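Novice: The structure's right below; bear with me while I get my questions together.
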Amino acid sequence: MRTLNRRFRRKDTSTDVLSFPSGDPADEVRRGPAFVRPGVGRALTARQRYLGDIVIAAGVAARQARVAGHSPGTEIRVLALHGLLHLLGYDHERDDGQMARLERRLRRKAGLVEGLIERG
């Protein structure tokens with residue numbers, strides 16, 4: 001995970017979740033091969049479009065779950081939701097709280113108490 005974070009975000013630290021949105025083939029050079037799946041994406045309808053990949057560090061998730069006082073499965077759900085919102089184009093570092101508000105609302109609906117943005 002540290003290698004991926006360093007390669008794609010230029011941050012030389014481990015992290016818990018990374019999102020790799022799909023894009024056109026020109027984006028592959030910039031982001032890496034995980035973004036474009038040959039034969040998938042362009043042939044699908046807008047409703048079926050491949051959004052991208054979410055990578056979750058299982059060890060980091062387990063450690064964070066212990067600290068947060070919930071199960072690793074719950075932590076994986078928190079991380080997957082966070083990653084999905086990034087695939088949908090949200091960016092909590094630049095959006096004046098829009099992603100945080102949406103994540104909070106979706107977490108409540110899913111029965112998840114705390115999210116990544118609040119922990120940060």
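By convention in this document, the chains of the structure tokens carry letters A, B, ... by their order, each chain's residues are numbered from 1, and ligands are numbered from 1 in the order they are shown.
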Write out, as CSV, each residue of segment 41-109 of chain A that has an atom at most 7 Å from segment 12-21 of chain A, together with the closest pair of atoms and their distance in Å to one decimal, counting only C-alpha atoms, rows going by chain and rising number.

Specialist:
residue,atom,partner,partner_atom,distance
A:Leu51,CA,A:Pro21,CA,5.7
A:Gly52,CA,A:Pro21,CA,4.2
A:Asp53,CA,A:Phe20,CA,5.0
A:Ile54,CA,A:Ser19,CA,4.5
A:Val55,CA,A:Leu18,CA,5.2
A:Ile56,CA,A:Val17,CA,4.5
A:Ala57,CA,A:Asp16,CA,5.2
A:Val60,CA,A:Asp16,CA,5.6
A:Ala61,CA,A:Asp16,CA,6.3
A:Leu79,CA,A:Val17,CA,6.2
A:Gly83,CA,A:Ser19,CA,5.3
A:His86,CA,A:Ser19,CA,6.3
A:Leu87,CA,A:Pro21,CA,5.2

Novice: Restricting the calculation to only C-alpha atoms, which member of A:Arg105, A:Phe8, A:His92, A:Gly115 is positioned closest to Ala80 of chain A?

Specialist: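 When distances to Ala80 of chain A are compared using only C-alpha atoms, the smallest one comes from A:Gly115.
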
Novice: Using only C-alpha atoms, which protein or nucleic acid residues come within 12 Å of Val78 of chain A? Drop anything in the same chain fewer than 2 positions from it, and give the result as a ChimeraX atom specification.

Specialist: /A:16-17,56,61-62,64-65,68,70-76,80-85,103-104,106-108,110-119

Novice: Using only C-alpha atoms for the distances, tell me which of A:Ala100, A:Met1, A:Val67, A:Gly89 is nearest to Ser22 of chain A.

Specialist: A:Gly89

Novice: One decimal, in Å: what's the spacing between atom CA of Asp91 of chain A and atom CA of Arg6 of chain A?

Specialist: 18.6 Å

Novice: Point out the residue among A:Tyr50, A:Arg9, A:Lys109, A:Arg101 with the least atom-to-atom distance to Leu88 of chain A, counting only C-alpha atoms.

Specialist: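 Among A:Tyr50, A:Arg9, A:Lys109, A:Arg101, it is A:Tyr50 that comes nearest to Leu88 of chain A.
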
Novice: Among segment 47-95 of chain A, which residues does DSSP mark as strand (DSSP E) when it is run on the backbone? Keep the chain and numbering as in the structure and answer as number ranges by chain.

Specialist: A: 52-56

Novice: May I have the selected residues written with C-alpha atoms, as an mmCIF file, in the first residue's frame?

Specialist:
data_model
loop_
_atom_site.group_PDB
_atom_site.id
_atom_site.type_symbol
_atom_site.label_atom_id
_atom_site.label_comp_id
_atom_site.auth_asym_id
_atom_site.auth_seq_id
_atom_site.Cartn_x
_atom_site.Cartn_y
_atom_site.Cartn_z
ATOM 1 C CA GLY A 52 -12.563 2.050 -10.980
ATOM 2 C CA ASP A 53 -10.733 0.143 -8.274
ATOM 3 C CA ILE A 54 -10.655 0.519 -4.518
ATOM 4 C CA VAL A 55 -7.646 -0.902 -2.695
ATOM 5 C CA ILE A 56 -7.970 -1.466 1.063
#

Novice: Tell me, in Å to one decimal, how far atom CA of Arg63 of chain A is from atom CA of Arg77 of chain A.

Specialist: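 It comes out at 14.4 Å.
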
Novice: Can you tell me how far atom CA of Arg10 of chain A sits from atom CA of Arg94 of chain A, in Å to one decimal?

Specialist: 17.5 Å
